[in-house]
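Next comes data.txt, with compact mmCIF, C-alpha atoms.
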```
# COMPACT_ATOMS: atom_id res chain seq x y z
CA GLN D 1 106.97 105.22 120.28
CA VAL D 2 103.61 104.24 118.89
CA GLN D 3 102.72 100.57 119.23
CA LEU D 4 99.60 98.66 118.29
CA GLN D 5 98.76 95.13 119.42
CA GLU D 6 95.77 93.13 118.25
CA SER D 7 94.22 90.40 120.38
CA GLY D 8 91.29 88.04 120.19
CA PRO D 9 90.24 84.46 119.51
CA GLY D 10 92.20 82.75 116.77
CA LEU D 11 89.30 80.47 115.83
CA VAL D 12 85.69 81.46 115.22
CA LYS D 13 82.85 79.22 114.07
CA PRO D 14 80.86 80.06 110.95
CA SER D 15 77.82 82.29 111.60
CA GLU D 16 79.33 83.56 114.86
CA THR D 17 80.91 86.96 115.63
CA LEU D 18 84.58 87.75 115.19
CA SER D 19 85.75 90.12 117.94
CA LEU D 20 89.15 91.77 118.09
CA THR D 21 90.72 94.39 120.31
CA CYS D 22 93.66 96.63 119.48
CA SER D 23 95.66 98.10 122.35
CA VAL D 24 97.45 101.31 121.48
CA SER D 25 100.41 102.72 123.37
CA GLY D 26 102.51 105.83 122.85
CA VAL D 27 99.67 108.03 121.65
CA SER D 28 96.09 108.85 122.60
CA ILE D 29 93.54 107.25 120.32
CA ASN D 30 91.58 110.50 120.55
CA SER D 31 94.18 112.23 118.45
CA TYR D 32 93.92 110.19 115.28
CA TYR D 33 91.82 108.16 112.91
CA TRP D 34 92.19 104.36 113.14
CA SER D 35 91.59 101.74 110.49
CA TRP D 36 91.25 98.00 110.40
CA ILE D 37 92.82 96.18 107.46
CA ARG D 38 92.83 92.46 106.77
CA GLN D 39 94.78 90.09 104.57
CA PRO D 40 93.30 86.69 103.66
CA PRO D 41 95.88 83.92 103.24
CA GLY D 42 97.71 84.28 99.95
CA LYS D 43 95.82 87.45 99.04
CA GLY D 44 96.31 91.20 99.22
CA LEU D 45 95.32 93.87 101.69
CA GLU D 46 91.66 94.76 102.17
CA TRP D 47 90.54 97.88 104.02
CA ILE D 48 87.75 97.11 106.51
CA GLY D 49 86.89 100.52 107.93
CA TYR D 50 88.00 103.55 109.96
CA ILE D 51 86.81 105.22 113.12
CA HIS D 52 87.50 108.54 114.85
CA HIS D 53 86.49 109.64 118.32
CA SER D 54 84.43 112.46 116.77
CA GLY D 55 82.04 109.80 115.49
CA ASP D 56 83.34 109.93 111.92
CA THR D 57 83.34 106.36 110.65
CA ASN D 58 83.38 104.68 107.27
CA SER D 59 83.65 101.11 106.13
CA ASN D 60 84.04 98.85 103.14
CA PRO D 61 80.58 98.50 101.56
CA SER D 62 81.10 94.74 101.27
CA LEU D 63 81.39 94.42 105.07
CA ARG D 64 79.29 97.34 106.34
CA SER D 65 76.14 95.39 107.17
CA ARG D 66 78.06 93.00 109.46
CA LEU D 67 80.56 95.42 111.00
CA THR D 68 80.78 97.35 114.24
CA MET D 69 83.82 99.38 115.27
CA SER D 70 84.27 101.21 118.56
CA LEU D 71 86.78 103.08 120.70
CA ASP D 72 87.40 102.75 124.44
CA THR D 73 89.24 105.91 125.34
CA SER D 74 89.63 104.90 128.99
CA LYS D 75 91.68 101.89 127.91
CA ASN D 76 93.15 103.46 124.77
CA GLN D 77 91.79 100.57 122.73
CA LEU D 78 89.79 100.07 119.58
CA SER D 79 87.53 97.13 118.85
CA LEU D 80 86.19 95.32 115.83
CA ASN D 81 83.15 93.07 115.65
CA LEU D 82 82.28 91.24 112.47
CA ARG D 83 79.03 89.28 112.59
CA SER D 84 77.88 86.18 110.73
CA VAL D 85 81.35 85.20 109.62
CA THR D 86 82.12 82.64 106.94
CA PRO D 87 85.40 80.96 105.95
CA ALA D 88 85.93 83.86 103.54
CA ASP D 89 86.56 86.06 106.60
CA THR D 90 89.63 84.02 107.52
CA ALA D 91 92.48 86.52 107.49
CA LEU D 92 95.25 88.32 109.33
CA TYR D 93 93.57 91.37 110.87
CA HIS D 94 95.64 94.53 111.44
CA CYS D 95 94.80 97.69 113.32
CA VAL D 96 96.46 100.70 111.77
CA ARG D 97 96.88 104.41 112.47
CA ASP D 98 95.14 106.26 109.67
CA ILE D 99 96.58 109.68 108.93
CA SER D 100 93.55 111.64 107.81
CA ARG D 101 91.64 114.84 108.25
CA PRO D 102 87.87 115.03 107.74
CA GLY D 103 87.42 114.46 104.04
CA ASP D 104 91.07 113.73 103.28
CA PHE D 105 93.12 110.55 103.63
CA TYR D 106 96.91 110.67 103.55
CA TYR D 107 98.45 107.35 104.56
CA PHE D 108 98.73 104.57 107.14
CA ASP D 109 101.83 104.95 109.27
CA TYR D 110 101.79 102.52 112.21
CA TRP D 111 100.56 98.95 111.85
CA GLY D 112 99.99 96.22 114.39
CA GLN D 113 101.55 92.82 113.73
CA GLY D 114 98.11 91.40 113.12
CA ALA D 115 95.87 88.76 114.61
CA LEU D 116 95.21 85.63 112.58
CA VAL D 117 91.56 84.64 112.71
CA THR D 118 90.41 81.37 111.20
CA VAL D 119 86.73 80.77 110.57
CA SER D 120 86.04 77.06 110.75
CA SER D 121 83.74 74.62 112.45
CA GLN M 122 89.62 92.21 92.34
CA SER M 123 91.58 95.20 93.66
CA VAL M 124 90.65 98.76 92.79
CA LEU M 125 94.26 99.63 91.97
CA THR M 126 96.24 97.52 89.51
CA GLN M 127 99.77 96.33 90.19
CA PRO M 128 101.86 93.69 88.42
CA PRO M 129 101.78 90.43 90.40
CA SER M 130 105.54 90.10 90.38
CA VAL M 131 108.80 91.78 89.39
CA SER M 132 112.36 90.58 89.67
CA ALA M 133 115.88 91.92 89.28
CA ALA M 134 119.40 91.13 90.34
CA PRO M 135 121.12 92.55 93.43
CA GLY M 136 122.38 96.06 92.81
CA GLN M 137 119.95 96.67 89.98
CA LYS M 138 116.93 98.95 89.82
CA VAL M 139 113.27 97.97 89.67
CA THR M 140 110.03 99.86 89.29
CA ILE M 141 106.55 98.81 90.39
CA SER M 142 103.54 100.43 88.78
CA CYS M 143 100.16 101.19 90.31
CA SER M 144 97.32 102.09 87.98
CA GLY M 145 94.08 103.69 89.09
CA SER M 146 91.47 106.15 87.87
CA SER M 147 90.18 109.70 88.10
CA SER M 148 88.29 108.82 91.29
CA ASN M 149 91.26 107.50 93.24
CA ILE M 150 94.89 108.09 92.23
CA GLY M 151 94.04 111.03 89.97
CA PRO M 152 93.03 113.54 92.65
CA ASN M 153 94.65 111.96 95.72
CA TYR M 154 97.94 111.16 97.39
CA VAL M 155 99.42 107.68 96.91
CA SER M 156 101.34 105.75 99.54
CA TRP M 157 103.43 102.60 99.31
CA TYR M 158 103.91 99.79 101.83
CA GLN M 159 106.48 97.01 102.16
CA HIS M 160 105.29 93.75 103.65
CA LEU M 161 107.85 91.20 104.70
CA PRO M 162 106.49 87.78 105.75
CA GLY M 163 105.73 87.59 109.43
CA THR M 164 106.04 91.31 110.01
CA ALA M 165 103.69 94.27 109.99
CA PRO M 166 103.51 96.21 106.73
CA LYS M 167 105.80 99.25 106.74
CA LEU M 168 105.14 102.67 105.24
CA LEU M 169 107.73 103.32 102.52
CA ILE M 170 106.41 106.33 100.64
CA TYR M 171 103.66 108.80 101.53
CA GLU M 172 102.07 111.73 99.73
CA ASN M 173 103.31 110.34 96.39
CA ASN M 174 107.03 110.86 96.88
CA LYS M 175 107.96 111.48 100.53
CA ARG M 176 109.98 109.05 102.62
CA PRO M 177 109.37 108.56 106.34
CA SER M 178 112.33 108.89 108.64
CA GLY M 179 114.54 105.81 108.41
CA ILE M 180 113.58 104.82 104.86
CA PRO M 181 116.69 104.94 102.66
CA ASP M 182 116.75 107.09 99.54
CA ARG M 183 117.04 103.93 97.46
CA PHE M 184 113.24 104.00 97.62
CA SER M 185 111.39 106.64 95.62
CA GLY M 186 107.85 107.37 94.53
CA SER M 187 106.22 109.33 91.76
CA LYS M 188 102.76 109.99 90.41
CA SER M 189 101.52 111.05 87.01
CA GLY M 190 97.86 111.35 86.16
CA THR M 191 96.09 108.22 87.34
CA SER M 192 99.22 106.11 87.85
CA ALA M 193 101.96 105.92 90.42
CA THR M 194 105.34 104.24 90.49
CA LEU M 195 107.61 102.92 93.22
CA GLY M 196 111.29 102.77 92.37
CA ILE M 197 113.95 100.81 94.21
CA THR M 198 117.64 101.18 93.32
CA GLY M 199 120.65 99.23 94.56
CA LEU M 200 118.50 96.15 95.18
CA GLN M 201 119.36 94.05 98.21
CA THR M 202 118.18 90.56 99.12
CA GLY M 203 116.47 92.11 102.13
CA ASP M 204 114.19 94.02 99.75
CA GLU M 205 112.41 90.78 98.81
CA ALA M 206 108.86 91.45 99.94
CA ASP M 207 105.35 92.26 98.81
CA TYR M 208 104.74 95.90 97.92
CA TYR M 209 101.33 97.59 97.97
CA CYS M 210 100.12 100.96 96.77
CA GLY M 211 97.23 102.66 98.50
CA THR M 212 94.99 105.69 98.30
CA TRP M 213 91.28 106.50 98.67
CA ASP M 214 88.42 106.50 96.22
CA HIS M 215 85.68 109.11 95.88
CA SER M 216 83.43 106.73 93.96
CA LEU M 217 83.56 104.28 96.89
CA ASN M 218 82.33 106.73 99.51
CA ASN M 219 85.92 107.85 100.18
CA GLY M 220 86.96 104.38 101.28
CA ARG M 221 90.64 103.46 101.34
CA VAL M 222 91.82 101.19 98.52
CA PHE M 223 94.88 99.12 97.76
CA GLY M 224 96.55 97.50 94.81
CA GLY M 225 96.69 93.74 94.70
CA GLY M 226 100.33 93.72 95.70
CA THR M 227 103.57 93.02 93.82
CA LYS M 228 106.00 90.31 94.87
CA LEU M 229 109.60 91.51 94.43
CA THR M 230 112.18 88.79 93.90
CA VAL M 231 115.85 89.70 94.10
CA LEU M 232 117.53 87.04 92.00
```
Could you show the structure in this file as structure tokens?
Amino acid sequence: QVQLQESGPGLVKPSETLSLTCSVSGVSINSYYWSWIRQPPGKGLEWIGYIHHSGDTNSNPSLRSRLTMSLDTSKNQLSLNLRSVTPADTALYHCVRDISRPGDFYYFDYWGQGALVTVSS
Amino acid sequence: QSVLTQPPSVSAAPGQKVTISCSGSSSNIGPNYVSWYQHLPGTAPKLLIYENNKRPSGIPDRFSGSKSGTSATLGITGLQTGDEADYYCGTWDHSLNNGRVFGGGTKLTVL
């Protein structure tokens, strides 16, 4: 059974870096693409970016300049760093298994419950 | 402003049928598969429909999906109070460097 669990600080100060980790169980992260998706309070879903162990990555142009995603295959974890955050980055952040092949996206099948991150001084 | 357009809300009585539309363009829905997600408050979003009209194991056949041109539709029959949730369509967009995109979400109320 595939399970994803996000973790990280729930409160980040403006201009600092938001850092989240997603622990994956039930499957090797090497076998799939992985996306991060966020949902600001009262708003819809926003795709942040995807990463694959082959080095294939892509991200939302609106976040790309502040974003770093990585994989730790020894721990079967993925990580997200978002720099220079503002209150607009306050959201529930989900890690998600991204069913894709190079050049083709199909769907998201397993989602973590999400980590709520508030950006506030 | 979401790339895909969904109605903000729909409603129907228990036992009735409802459809939720998702409108896109020739760079996203037109050439690509559409998927649908159900999001109940306090839970992780759940995959309802993938590859336009396929249901994952465990999703009842009350849920259906279709696609025509640059639009897709989610149908739910035999509405239950437990179906009250937000529903999102998703795909990817060639004009956005193949990034994944979502609709703004539709709130389903079962009256």
I need the contact residues of chain D against chain M, so if you could list those with any atom within 9 Å, counting only C-alpha atoms, and return them as a PDB file with C-alpha atoms, keeping the file's coordinate frame, that would help.
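Saved file selection_20.pdb follows:
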```
ATOM      1  CA  LYS D  43      95.820  87.450  99.040  1.00  0.00           C
ATOM      2  CA  GLY D  44      96.310  91.200  99.220  1.00  0.00           C
ATOM      3  CA  LEU D  45      95.320  93.870 101.690  1.00  0.00           C
ATOM      4  CA  GLU D  46      91.660  94.760 102.170  1.00  0.00           C
ATOM      5  CA  TRP D  47      90.540  97.880 104.020  1.00  0.00           C
ATOM      6  CA  ILE D  48      87.750  97.110 106.510  1.00  0.00           C
ATOM      7  CA  GLY D  49      86.890 100.520 107.930  1.00  0.00           C
ATOM      8  CA  TYR D  50      88.000 103.550 109.960  1.00  0.00           C
ATOM      9  CA  ASN D  58      83.380 104.680 107.270  1.00  0.00           C
ATOM     10  CA  SER D  59      83.650 101.110 106.130  1.00  0.00           C
ATOM     11  CA  ASN D  60      84.040  98.850 103.140  1.00  0.00           C
ATOM     12  CA  PRO D  61      80.580  98.500 101.560  1.00  0.00           C
ATOM     13  CA  HIS D  94      95.640  94.530 111.440  1.00  0.00           C
ATOM     14  CA  GLY D 103      87.420 114.460 104.040  1.00  0.00           C
ATOM     15  CA  ASP D 104      91.070 113.730 103.280  1.00  0.00           C
ATOM     16  CA  PHE D 105      93.120 110.550 103.630  1.00  0.00           C
ATOM     17  CA  TYR D 106      96.910 110.670 103.550  1.00  0.00           C
ATOM     18  CA  TYR D 107      98.450 107.350 104.560  1.00  0.00           C
ATOM     19  CA  PHE D 108      98.730 104.570 107.140  1.00  0.00           C
ATOM     20  CA  ASP D 109     101.830 104.950 109.270  1.00  0.00           C
ATOM     21  CA  TYR D 110     101.790 102.520 112.210  1.00  0.00           C
ATOM     22  CA  TRP D 111     100.560  98.950 111.850  1.00  0.00           C
ATOM     23  CA  GLY D 112      99.990  96.220 114.390  1.00  0.00           C
ATOM     24  CA  GLN D 113     101.550  92.820 113.730  1.00  0.00           C
ATOM     25  CA  GLY D 114      98.110  91.400 113.120  1.00  0.00           C
TER      26      GLY D 114
END
```
May I have the residues within 7 Å of M:Gly196 as a PyMOL selection string, using only C-alpha atoms and disregarding those fewer than 3 positions away in the same chain?
-> chain M and resi 139-141+184-186
Would you put the residues from that selection into a file with C-alpha atoms, as a CSV table (one decimal), keeping the file's coordinate frame?
```csv
chain,number,residue,atom,x,y,z
M,139,VAL,CA,113.3,98.0,89.7
M,140,THR,CA,110.0,99.9,89.3
M,141,ILE,CA,106.6,98.8,90.4
M,184,PHE,CA,113.2,104.0,97.6
M,185,SER,CA,111.4,106.6,95.6
M,186,GLY,CA,107.8,107.4,94.5
```
Nearest residue to D:Ser100 from the set D:Thr86, D:Gln77, D:Ser70, D:Ser35 (distances using all atoms listed in the file) = D:Ser35
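We find atom CA of D:Arg101 and atom CA of M:Pro181 to be spaced 27.5 Å apart.
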Minimum-distance residue to D:Gly26, chosen among D:Val117, D:Gln3, D:Asn76, D:Thr57 (using all atoms listed in the file) | D:Gln3
